[in-house]
Structures are given as structure tokens and as C-alpha cells.
>>> print(open('query_39.pdb').read())   # PDB, N, CA and C atoms
ATOM      1  N   MET A   5     116.782 136.275 107.069  1.00  0.00           N
ATOM      2  CA  MET A   5     116.162 135.543 105.990  1.00  0.00           C
ATOM      3  C   MET A   5     116.298 134.045 106.272  1.00  0.00           C
ATOM      4  N   TRP A   6     115.166 133.335 106.226  1.00  0.00           N
ATOM      5  CA  TRP A   6     115.160 131.906 106.480  1.00  0.00           C
ATOM      6  C   TRP A   6     115.216 131.151 105.169  1.00  0.00           C
ATOM      7  N   LEU A   7     116.086 130.162 105.120  1.00  0.00           N
ATOM      8  CA  LEU A   7     116.161 129.311 103.944  1.00  0.00           C
ATOM      9  C   LEU A   7     115.526 127.975 104.280  1.00  0.00           C
ATOM     10  N   THR A   8     114.698 127.488 103.399  1.00  0.00           N
ATOM     11  CA  THR A   8     114.077 126.185 103.622  1.00  0.00           C
ATOM     12  C   THR A   8     114.513 125.243 102.527  1.00  0.00           C
ATOM     13  N   LYS A   9     114.582 123.989 102.851  1.00  0.00           N
ATOM     14  CA  LYS A   9     114.985 122.967 101.900  1.00  0.00           C
ATOM     15  C   LYS A   9     113.818 122.666 100.967  1.00  0.00           C
ATOM     16  N   ALA A  10     114.078 122.679  99.691  1.00  0.00           N
ATOM     17  CA  ALA A  10     113.030 122.379  98.707  1.00  0.00           C
ATOM     18  C   ALA A  10     112.745 120.892  98.711  1.00  0.00           C
ATOM     19  N   HIS A  11     111.488 120.544  98.534  1.00  0.00           N
ATOM     20  CA  HIS A  11     111.081 119.131  98.458  1.00  0.00           C
ATOM     21  C   HIS A  11     111.268 118.665  97.026  1.00  0.00           C
ATOM     22  N   THR A  12     112.225 117.766  96.824  1.00  0.00           N
ATOM     23  CA  THR A  12     112.482 117.256  95.477  1.00  0.00           C
ATOM     24  C   THR A  12     112.136 115.787  95.414  1.00  0.00           C
ATOM     25  N   SER A  13     112.012 115.279  94.208  1.00  0.00           N
ATOM     26  CA  SER A  13     111.628 113.883  94.037  1.00  0.00           C
ATOM     27  C   SER A  13     112.732 112.928  94.455  1.00  0.00           C
ATOM     28  N   GLN A  14     113.960 113.409  94.638  1.00  0.00           N
ATOM     29  CA  GLN A  14     115.054 112.539  95.037  1.00  0.00           C
ATOM     30  C   GLN A  14     115.155 112.380  96.547  1.00  0.00           C
ATOM     31  N   GLU A  15     114.398 113.148  97.270  1.00  0.00           N
ATOM     32  CA  GLU A  15     114.392 113.023  98.724  1.00  0.00           C
ATOM     33  C   GLU A  15     113.491 111.866  99.127  1.00  0.00           C
ATOM     34  N   ALA A  16     113.783 111.276 100.258  1.00  0.00           N
ATOM     35  CA  ALA A  16     112.912 110.222 100.783  1.00  0.00           C
ATOM     36  C   ALA A  16     111.563 110.828 101.098  1.00  0.00           C
ATOM     37  N   PRO A  17     110.479 110.147 100.728  1.00  0.00           N
ATOM     38  CA  PRO A  17     109.153 110.710 100.997  1.00  0.00           C
ATOM     39  C   PRO A  17     108.882 110.811 102.491  1.00  0.00           C
ATOM     40  N   THR A  18     108.434 111.971 102.888  1.00  0.00           N
ATOM     41  CA  THR A  18     108.038 112.209 104.275  1.00  0.00           C
ATOM     42  C   THR A  18     106.783 113.044 104.262  1.00  0.00           C
ATOM     43  N   SER A  19     106.162 113.134 105.392  1.00  0.00           N
ATOM     44  CA  SER A  19     104.992 114.001 105.469  1.00  0.00           C
ATOM     45  C   SER A  19     105.463 115.441 105.453  1.00  0.00           C
ATOM     46  N   ILE A  20     104.556 116.369 105.303  1.00  0.00           N
ATOM     47  CA  ILE A  20     104.891 117.785 105.255  1.00  0.00           C
ATOM     48  C   ILE A  20     105.568 118.223 106.546  1.00  0.00           C
ATOM     49  N   SER A  21     105.199 117.606 107.663  1.00  0.00           N
ATOM     50  CA  SER A  21     105.792 117.990 108.942  1.00  0.00           C
ATOM     51  C   SER A  21     107.226 117.499 109.059  1.00  0.00           C
ATOM     52  N   GLY A  22     107.682 116.641 108.139  1.00  0.00           N
ATOM     53  CA  GLY A  22     109.034 116.144 108.178  1.00  0.00           C
ATOM     54  C   GLY A  22     109.164 114.801 108.862  1.00  0.00           C
ATOM     55  N   SER A  23     108.097 114.286 109.390  1.00  0.00           N
ATOM     56  CA  SER A  23     108.136 113.003 110.086  1.00  0.00           C
ATOM     57  C   SER A  23     107.676 111.897 109.155  1.00  0.00           C
ATOM     58  N   SER A  24     108.497 110.841 109.040  1.00  0.00           N
ATOM     59  CA  SER A  24     108.105 109.712 108.201  1.00  0.00           C
ATOM     60  C   SER A  24     107.512 108.593 109.042  1.00  0.00           C
ATOM     61  N   SER A  25     107.457 108.772 110.344  1.00  0.00           N
ATOM     62  CA  SER A  25     106.911 107.750 111.233  1.00  0.00           C
ATOM     63  C   SER A  25     105.390 107.762 111.195  1.00  0.00           C
ATOM     64  N   PRO A  26     104.784 106.567 111.178  1.00  0.00           N
ATOM     65  CA  PRO A  26     103.314 106.520 111.202  1.00  0.00           C
ATOM     66  C   PRO A  26     102.787 106.948 112.571  1.00  0.00           C
ATOM     67  N   SER A  27     101.597 107.497 112.574  1.00  0.00           N
ATOM     68  CA  SER A  27     100.987 107.902 113.832  1.00  0.00           C
ATOM     69  C   SER A  27     100.528 106.668 114.599  1.00  0.00           C
ATOM     70  N   MET A  28     100.243 106.830 115.868  1.00  0.00           N
ATOM     71  CA  MET A  28      99.765 105.725 116.690  1.00  0.00           C
ATOM     72  C   MET A  28      98.453 105.182 116.134  1.00  0.00           C
ATOM     73  N   GLU A  29      97.608 106.057 115.610  1.00  0.00           N
ATOM     74  CA  GLU A  29      96.328 105.636 115.034  1.00  0.00           C
ATOM     75  C   GLU A  29      96.554 104.774 113.800  1.00  0.00           C
ATOM     76  N   GLU A  30      97.518 105.155 112.962  1.00  0.00           N
ATOM     77  CA  GLU A  30      97.827 104.364 111.773  1.00  0.00           C
ATOM     78  C   GLU A  30      98.365 102.986 112.154  1.00  0.00           C
ATOM     79  N   VAL A  31      99.205 102.948 113.161  1.00  0.00           N
ATOM     80  CA  VAL A  31      99.768 101.673 113.634  1.00  0.00           C
ATOM     81  C   VAL A  31      98.655 100.789 114.186  1.00  0.00           C
ATOM     82  N   ARG A  32      97.749 101.388 114.961  1.00  0.00           N
ATOM     83  CA  ARG A  32      96.642 100.634 115.537  1.00  0.00           C
ATOM     84  C   ARG A  32      95.757 100.053 114.439  1.00  0.00           C
ATOM     85  N   LYS A  33      95.429 100.867 113.452  1.00  0.00           N
ATOM     86  CA  LYS A  33      94.585 100.402 112.343  1.00  0.00           C
ATOM     87  C   LYS A  33      95.266  99.287 111.558  1.00  0.00           C
ATOM     88  N   GLU A  34      96.563  99.420 111.323  1.00  0.00           N
ATOM     89  CA  GLU A  34      97.293  98.384 110.590  1.00  0.00           C
ATOM     90  C   GLU A  34      97.328  97.089 111.389  1.00  0.00           C
ATOM     91  N   ASN A  35      97.504  97.179 112.694  1.00  0.00           N
ATOM     92  CA  ASN A  35      97.491  95.981 113.543  1.00  0.00           C
ATOM     93  C   ASN A  35      96.120  95.311 113.543  1.00  0.00           C
ATOM     94  N   GLU A  36      95.058  96.117 113.607  1.00  0.00           N
ATOM     95  CA  GLU A  36      93.698  95.559 113.555  1.00  0.00           C
ATOM     96  C   GLU A  36      93.463  94.850 112.219  1.00  0.00           C
ATOM     97  N   LYS A  37      93.954  95.448 111.139  1.00  0.00           N
ATOM     98  CA  LYS A  37      93.788  94.843 109.816  1.00  0.00           C
ATOM     99  C   LYS A  37      94.526  93.508 109.751  1.00  0.00           C
ATOM    100  N   ARG A  38      95.755  93.477 110.284  1.00  0.00           N
ATOM    101  CA  ARG A  38      96.524  92.218 110.282  1.00  0.00           C
ATOM    102  C   ARG A  38      95.805  91.140 111.082  1.00  0.00           C
ATOM    103  N   GLU A  39      95.262  91.530 112.236  1.00  0.00           N
ATOM    104  CA  GLU A  39      94.517  90.573 113.060  1.00  0.00           C
ATOM    105  C   GLU A  39      93.307  90.044 112.309  1.00  0.00           C
ATOM    106  N   ARG A  40      92.583  90.920 111.631  1.00  0.00           N
ATOM    107  CA  ARG A  40      91.403  90.505 110.874  1.00  0.00           C
ATOM    108  C   ARG A  40      91.789  89.568 109.729  1.00  0.00           C
ATOM    109  N   ILE A  41      92.899  89.846 109.083  1.00  0.00           N
ATOM    110  CA  ILE A  41      93.363  88.979 108.000  1.00  0.00           C
ATOM    111  C   ILE A  41      93.656  87.581 108.540  1.00  0.00           C
ATOM    112  N   LEU A  42      94.322  87.500 109.688  1.00  0.00           N
ATOM    113  CA  LEU A  42      94.602  86.199 110.302  1.00  0.00           C
ATOM    114  C   LEU A  42      93.312  85.478 110.678  1.00  0.00           C
ATOM    115  N   GLU A  43      92.352  86.223 111.245  1.00  0.00           N
ATOM    116  CA  GLU A  43      91.056  85.633 111.603  1.00  0.00           C
ATOM    117  C   GLU A  43      90.354  85.079 110.360  1.00  0.00           C
ATOM    118  N   LEU A  44      90.379  85.835 109.277  1.00  0.00           N
ATOM    119  CA  LEU A  44      89.740  85.387 108.042  1.00  0.00           C
ATOM    120  C   LEU A  44      90.397  84.139 107.485  1.00  0.00           C
ATOM    121  N   LYS A  45      91.717  84.080 107.527  1.00  0.00           N
ATOM    122  CA  LYS A  45      92.414  82.894 107.028  1.00  0.00           C
ATOM    123  C   LYS A  45      92.022  81.659 107.836  1.00  0.00           C
ATOM    124  N   GLU A  46      91.926  81.811 109.145  1.00  0.00           N
ATOM    125  CA  GLU A  46      91.513  80.685 109.997  1.00  0.00           C
ATOM    126  C   GLU A  46      90.063  80.292 109.710  1.00  0.00           C
ATOM    127  N   ALA A  47      89.188  81.285 109.542  1.00  0.00           N
ATOM    128  CA  ALA A  47      87.786  81.005 109.255  1.00  0.00           C
ATOM    129  C   ALA A  47      87.632  80.306 107.900  1.00  0.00           C
ATOM    130  N   ILE A  48      88.456  80.690 106.938  1.00  0.00           N
ATOM    131  CA  ILE A  48      88.422  80.051 105.618  1.00  0.00           C
ATOM    132  C   ILE A  48      88.814  78.584 105.744  1.00  0.00           C
ATOM    133  N   LYS A  49      89.878  78.317 106.494  1.00  0.00           N
ATOM    134  CA  LYS A  49      90.305  76.927 106.694  1.00  0.00           C
ATOM    135  C   LYS A  49      89.193  76.097 107.321  1.00  0.00           C
ATOM    136  N   LYS A  50      88.534  76.673 108.326  1.00  0.00           N
ATOM    137  CA  LYS A  50      87.458  75.960 109.015  1.00  0.00           C
ATOM    138  C   LYS A  50      86.287  75.702 108.062  1.00  0.00           C
ATOM    139  N   ALA A  51      85.892  76.730 107.315  1.00  0.00           N
ATOM    140  CA  ALA A  51      84.772  76.591 106.379  1.00  0.00           C
ATOM    141  C   ALA A  51      85.097  75.579 105.282  1.00  0.00           C
ATOM    142  N   GLU A  52      86.340  75.559 104.823  1.00  0.00           N
ATOM    143  CA  GLU A  52      86.739  74.586 103.802  1.00  0.00           C
ATOM    144  C   GLU A  52      86.680  73.166 104.366  1.00  0.00           C
ATOM    145  N   ALA A  53      87.110  73.010 105.615  1.00  0.00           N
ATOM    146  CA  ALA A  53      87.076  71.688 106.251  1.00  0.00           C
ATOM    147  C   ALA A  53      85.645  71.183 106.409  1.00  0.00           C
ATOM    148  N   GLU A  54      84.713  72.136 106.586  1.00  0.00           N
ATOM    149  CA  GLU A  54      83.294  71.786 106.754  1.00  0.00           C
ATOM    150  C   GLU A  54      82.555  71.782 105.415  1.00  0.00           C
ATOM    151  N   TRP A  55      83.259  71.986 104.329  1.00  0.00           N
ATOM    152  CA  TRP A  55      82.662  72.026 102.989  1.00  0.00           C
ATOM    153  C   TRP A  55      81.576  73.086 102.863  1.00  0.00           C
ATOM    154  N   ASN A  56      81.760  74.191 103.528  1.00  0.00           N
ATOM    155  CA  ASN A  56      80.794  75.289 103.495  1.00  0.00           C
ATOM    156  C   ASN A  56      81.245  76.294 102.432  1.00  0.00           C
ATOM    157  N   THR A  57      80.969  75.997 101.169  1.00  0.00           N
ATOM    158  CA  THR A  57      81.472  76.804 100.057  1.00  0.00           C
ATOM    159  C   THR A  57      80.927  78.232 100.044  1.00  0.00           C
ATOM    160  N   SER A  58      79.717  78.418 100.500  1.00  0.00           N
ATOM    161  CA  SER A  58      79.136  79.761 100.538  1.00  0.00           C
ATOM    162  C   SER A  58      79.945  80.669 101.463  1.00  0.00           C
ATOM    163  N   ASP A  59      80.233  80.170 102.657  1.00  0.00           N
ATOM    164  CA  ASP A  59      81.033  80.959 103.597  1.00  0.00           C
ATOM    165  C   ASP A  59      82.458  81.163 103.094  1.00  0.00           C
ATOM    166  N   VAL A  60      83.022  80.133 102.473  1.00  0.00           N
ATOM    167  CA  VAL A  60      84.384  80.244 101.958  1.00  0.00           C
ATOM    168  C   VAL A  60      84.473  81.398 100.968  1.00  0.00           C
ATOM    169  N   GLU A  61      83.538  81.484 100.056  1.00  0.00           N
ATOM    170  CA  GLU A  61      83.563  82.549  99.050  1.00  0.00           C
ATOM    171  C   GLU A  61      83.395  83.927  99.685  1.00  0.00           C
ATOM    172  N   LYS A  62      82.491  84.051 100.649  1.00  0.00           N
ATOM    173  CA  LYS A  62      82.292  85.336 101.334  1.00  0.00           C
ATOM    174  C   LYS A  62      83.559  85.752 102.072  1.00  0.00           C
ATOM    175  N   LEU A  63      84.158  84.805 102.783  1.00  0.00           N
ATOM    176  CA  LEU A  63      85.368  85.103 103.548  1.00  0.00           C
ATOM    177  C   LEU A  63      86.536  85.460 102.635  1.00  0.00           C
ATOM    178  N   LYS A  64      86.675  84.739 101.526  1.00  0.00           N
ATOM    179  CA  LYS A  64      87.754  85.036 100.580  1.00  0.00           C
ATOM    180  C   LYS A  64      87.578  86.416  99.955  1.00  0.00           C
ATOM    181  N   LYS A  65      86.339  86.783  99.687  1.00  0.00           N
ATOM    182  CA  LYS A  65      86.071  88.106  99.115  1.00  0.00           C
ATOM    183  C   LYS A  65      86.476  89.208 100.104  1.00  0.00           C
ATOM    184  N   GLU A  66      86.116  89.018 101.363  1.00  0.00           N
ATOM    185  CA  GLU A  66      86.505  90.007 102.379  1.00  0.00           C
ATOM    186  C   GLU A  66      88.025  90.066 102.514  1.00  0.00           C
ATOM    187  N   LEU A  67      88.666  88.914 102.496  1.00  0.00           N
ATOM    188  CA  LEU A  67      90.123  88.856 102.603  1.00  0.00           C
ATOM    189  C   LEU A  67      90.784  89.573 101.425  1.00  0.00           C
ATOM    190  N   ARG A  68      90.288  89.331 100.222  1.00  0.00           N
ATOM    191  CA  ARG A  68      90.840  90.018  99.041  1.00  0.00           C
ATOM    192  C   ARG A  68      90.696  91.528  99.187  1.00  0.00           C
ATOM    193  N   GLY A  69      89.557  91.961  99.692  1.00  0.00           N
ATOM    194  CA  GLY A  69      89.351  93.390  99.885  1.00  0.00           C
ATOM    195  C   GLY A  69      90.373  93.992 100.837  1.00  0.00           C
ATOM    196  N   LEU A  70      90.653  93.303 101.924  1.00  0.00           N
ATOM    197  CA  LEU A  70      91.629  93.805 102.895  1.00  0.00           C
ATOM    198  C   LEU A  70      93.040  93.777 102.340  1.00  0.00           C
ATOM    199  N   THR A  71      93.410  92.718 101.665  1.00  0.00           N
ATOM    200  CA  THR A  71      94.783  92.622 101.166  1.00  0.00           C
ATOM    201  C   THR A  71      95.007  93.548  99.977  1.00  0.00           C
ATOM    202  N   ASN A  72      94.015  93.720  99.123  1.00  0.00           N
ATOM    203  CA  ASN A  72      94.152  94.664  98.004  1.00  0.00           C
ATOM    204  C   ASN A  72      94.242  96.088  98.521  1.00  0.00           C
ATOM    205  N   GLU A  73      93.427  96.416  99.511  1.00  0.00           N
ATOM    206  CA  GLU A  73      93.458  97.755 100.099  1.00  0.00           C
ATOM    207  C   GLU A  73      94.832  98.030 100.692  1.00  0.00           C
ATOM    208  N   SER A  74      95.373  97.060 101.396  1.00  0.00           N
ATOM    209  CA  SER A  74      96.683  97.222 102.012  1.00  0.00           C
ATOM    210  C   SER A  74      97.752  97.431 100.946  1.00  0.00           C
ATOM    211  N   PHE A  75      97.696  96.657  99.885  1.00  0.00           N
ATOM    212  CA  PHE A  75      98.663  96.761  98.799  1.00  0.00           C
ATOM    213  C   PHE A  75      98.591  98.143  98.148  1.00  0.00           C
ATOM    214  N   LEU A  76      97.389  98.595  97.841  1.00  0.00           N
ATOM    215  CA  LEU A  76      97.227  99.900  97.199  1.00  0.00           C
ATOM    216  C   LEU A  76      97.655 101.029  98.118  1.00  0.00           C
ATOM    217  N   THR A  77      97.361 100.919  99.398  1.00  0.00           N
ATOM    218  CA  THR A  77      97.755 101.941 100.353  1.00  0.00           C
ATOM    219  C   THR A  77      99.268 102.074 100.389  1.00  0.00           C
ATOM    220  N   LYS A  78      99.975 100.955 100.397  1.00  0.00           N
ATOM    221  CA  LYS A  78     101.438 100.992 100.426  1.00  0.00           C
ATOM    222  C   LYS A  78     101.997 101.636  99.169  1.00  0.00           C
ATOM    223  N   ILE A  79     101.413 101.358  98.033  1.00  0.00           N
ATOM    224  CA  ILE A  79     101.896 101.940  96.777  1.00  0.00           C
ATOM    225  C   ILE A  79     101.744 103.455  96.818  1.00  0.00           C
ATOM    226  N   PHE A  80     100.571 103.919  97.197  1.00  0.00           N
ATOM    227  CA  PHE A  80     100.322 105.357  97.174  1.00  0.00           C
ATOM    228  C   PHE A  80     101.051 106.090  98.283  1.00  0.00           C
ATOM    229  N   LYS A  81     101.283 105.451  99.419  1.00  0.00           N
ATOM    230  CA  LYS A  81     102.015 106.090 100.493  1.00  0.00           C
ATOM    231  C   LYS A  81     103.508 106.155 100.196  1.00  0.00           C
ATOM    232  N   SER A  82     104.042 105.226  99.414  1.00  0.00           N
ATOM    233  CA  SER A  82     105.478 105.169  99.167  1.00  0.00           C
ATOM    234  C   SER A  82     105.947 106.260  98.211  1.00  0.00           C
ATOM    235  N   ASP A  83     105.048 106.866  97.489  1.00  0.00           N
ATOM    236  CA  ASP A  83     105.407 107.896  96.516  1.00  0.00           C
ATOM    237  C   ASP A  83     104.711 109.188  96.905  1.00  0.00           C
ATOM    238  N   GLY A  84     105.457 110.193  97.261  1.00  0.00           N
ATOM    239  CA  GLY A  84     104.910 111.451  97.725  1.00  0.00           C
ATOM    240  C   GLY A  84     104.087 112.201  96.707  1.00  0.00           C
ATOM    241  N   ARG A  85     104.080 111.769  95.454  1.00  0.00           N
ATOM    242  CA  ARG A  85     103.350 112.495  94.413  1.00  0.00           C
ATOM    243  C   ARG A  85     101.860 112.252  94.468  1.00  0.00           C
ATOM    244  N   TYR A  86     101.387 111.216  95.172  1.00  0.00           N
ATOM    245  CA  TYR A  86      99.966 110.878  95.144  1.00  0.00           C
ATOM    246  C   TYR A  86      99.234 111.466  96.305  1.00  0.00           C
TER     247      TYR A  86
END
>>> encode(input="query_39.pdb", output="C-alpha cells")
Amino acid sequence: MWLTKAHTSQEAPTSISGSSSPSMEEVRKENEKRERILELKEAIKKAEAEWNTSDVEKLKKELRGLTNESFLTKIFKSDGRY
């Protein structure tokens, strides 16, 4: 008879396989997102220096989308109930 450990809310959240480490694909995607965020911040600075308000607003909107997505992803990944 095999006994398995029950998954309780007091345990550290892990995937079903028992591994809490992100996959290589997840790491790659997160790195690409960080790079894009840095690129957007630099582009915003440049557009602001050139007084290009239209581009500034577009770039800020894209940046907000990336940072909000990242924030929400972390919240939902940190709690195994979601």
C-alpha cells in the first residue's frame, strides 16, 4: 500500500509534479519581458526628450500592460488555489 502526502494549504505551493522551479521556457519568457520593459523605459525617455507626446502615451500604455501582467501573474502563481 502506497501512502501519498496530502496537498494542504500550509505546504509551500508547488506544481503537481512536485517541482517549484520554473521551466526553461518560463525563464526565457520572463527574461524577454524584462528586456522589453527596459527597452520601453528607454524609448519613453527618448520620446519625452523629443516632446513626442503621442509616442510617450503609446509606450507608457504598453509598459503598463507588461508590468500589470507580471504583477498579476506573480499573485496567481504564488497561491496554489488559483
>>> resolve_selection(input="query_39.pdb", expression="the PyMOL selection byres (((chain A and resi 41 and name CA) around 10) and name CA)", output="list in words")
Asn35, Glu36, Lys37, Arg38, Glu39, Arg40, Leu42, Glu43, Leu44, Lys45, Glu46, Ala47, Leu63, Glu66, Leu67, Arg68, Leu70 and Thr71 of chain A
>>> axis_aligned_box(input="query_39.pdb", around="segment 31-42 of chain A", padding_each_side="3 Å", output="lines of an AutoDock Vina configuration file")
center_x = 95.6
center_y = 94.2
center_z = 111.8
size_x = 14.4
size_y = 23.5
size_z = 13.5
>>> atom_distance(input="query_39.pdb", atom1="atom C of Lys50 of chain A", atom2="atom N of Glu34 of chain A")
26.1 Å
>>> atom_distance(input="query_39.pdb", atom1="atom N of Asn72 of chain A", atom2="atom C of Glu30 of chain A")
16.6 Å
>>> decode(input="query_39.pdb", residues="segment 35-65 of chain A", atoms="N, CA and C atoms", output="short mmCIF file (atom, residue, chain, number, x, y, z; two decimals), in the first residue's frame")
data_model
loop_
_atom_site.label_atom_id
_atom_site.label_comp_id
_atom_site.auth_asym_id
_atom_site.auth_seq_id
_atom_site.Cartn_x
_atom_site.Cartn_y
_atom_site.Cartn_z
N ASN A 35 12.61 36.66 -19.02
CA ASN A 35 13.77 37.46 -19.43
C ASN A 35 13.43 38.36 -20.62
N GLU A 36 12.69 37.83 -21.59
CA GLU A 36 12.27 38.64 -22.74
C GLU A 36 11.38 39.80 -22.28
N LYS A 37 10.50 39.53 -21.33
CA LYS A 37 9.61 40.57 -20.81
C LYS A 37 10.43 41.66 -20.12
N ARG A 38 11.41 41.25 -19.31
CA ARG A 38 12.26 42.24 -18.62
C ARG A 38 13.02 43.10 -19.63
N GLU A 39 13.54 42.45 -20.67
CA GLU A 39 14.26 43.20 -21.71
C GLU A 39 13.33 44.20 -22.39
N ARG A 40 12.11 43.78 -22.70
CA ARG A 40 11.15 44.67 -23.35
C ARG A 40 10.79 45.85 -22.44
N ILE A 41 10.65 45.58 -21.16
CA ILE A 41 10.35 46.65 -20.21
C ILE A 41 11.47 47.68 -20.20
N LEU A 42 12.72 47.22 -20.19
CA LEU A 42 13.86 48.14 -20.23
C LEU A 42 13.88 48.94 -21.53
N GLU A 43 13.61 48.26 -22.65
CA GLU A 43 13.56 48.95 -23.95
C GLU A 43 12.47 50.03 -23.94
N LEU A 44 11.31 49.71 -23.40
CA LEU A 44 10.22 50.68 -23.34
C LEU A 44 10.58 51.88 -22.48
N LYS A 45 11.22 51.64 -21.35
CA LYS A 45 11.61 52.75 -20.48
C LYS A 45 12.58 53.68 -21.20
N GLU A 46 13.53 53.11 -21.93
CA GLU A 46 14.48 53.93 -22.69
C GLU A 46 13.77 54.69 -23.81
N ALA A 47 12.84 54.03 -24.50
CA ALA A 47 12.10 54.68 -25.58
C ALA A 47 11.23 55.82 -25.04
N ILE A 48 10.67 55.63 -23.85
CA ILE A 48 9.86 56.68 -23.23
C ILE A 48 10.73 57.89 -22.93
N LYS A 49 11.91 57.65 -22.37
CA LYS A 49 12.82 58.76 -22.07
C LYS A 49 13.17 59.54 -23.34
N LYS A 50 13.45 58.80 -24.41
CA LYS A 50 13.81 59.44 -25.68
C LYS A 50 12.63 60.25 -26.23
N ALA A 51 11.44 59.65 -26.22
CA ALA A 51 10.25 60.34 -26.73
C ALA A 51 9.93 61.58 -25.90
N GLU A 52 10.12 61.50 -24.59
CA GLU A 52 9.88 62.66 -23.73
C GLU A 52 10.88 63.77 -24.04
N ALA A 53 12.13 63.39 -24.27
CA ALA A 53 13.16 64.38 -24.60
C ALA A 53 12.86 65.09 -25.91
N GLU A 54 12.20 64.35 -26.83
CA GLU A 54 11.84 64.91 -28.14
C GLU A 54 10.45 65.54 -28.13
N TRP A 55 9.81 65.58 -26.98
CA TRP A 55 8.46 66.13 -26.85
C TRP A 55 7.44 65.44 -27.74
N ASN A 56 7.61 64.16 -27.93
CA ASN A 56 6.71 63.37 -28.77
C ASN A 56 5.65 62.72 -27.86
N THR A 57 4.64 63.49 -27.48
CA THR A 57 3.65 63.03 -26.51
C THR A 57 2.82 61.84 -27.00
N SER A 58 2.57 61.77 -28.28
CA SER A 58 1.80 60.65 -28.82
C SER A 58 2.53 59.33 -28.58
N ASP A 59 3.81 59.31 -28.91
CA ASP A 59 4.60 58.10 -28.69
C ASP A 59 4.75 57.79 -27.20
N VAL A 60 4.92 58.83 -26.39
CA VAL A 60 5.07 58.62 -24.95
C VAL A 60 3.85 57.89 -24.40
N GLU A 61 2.67 58.32 -24.77
CA GLU A 61 1.45 57.69 -24.27
C GLU A 61 1.32 56.25 -24.75
N LYS A 62 1.64 55.99 -26.01
CA LYS A 62 1.58 54.62 -26.54
C LYS A 62 2.56 53.71 -25.80
N LEU A 63 3.78 54.21 -25.61
CA LEU A 63 4.81 53.42 -24.94
C LEU A 63 4.45 53.16 -23.48
N LYS A 64 3.92 54.18 -22.80
CA LYS A 64 3.52 54.01 -21.40
C LYS A 64 2.38 53.00 -21.27
N LYS A 65 1.47 53.02 -22.22
CA LYS A 65 0.36 52.06 -22.19
C LYS A 65 0.88 50.63 -22.34
#
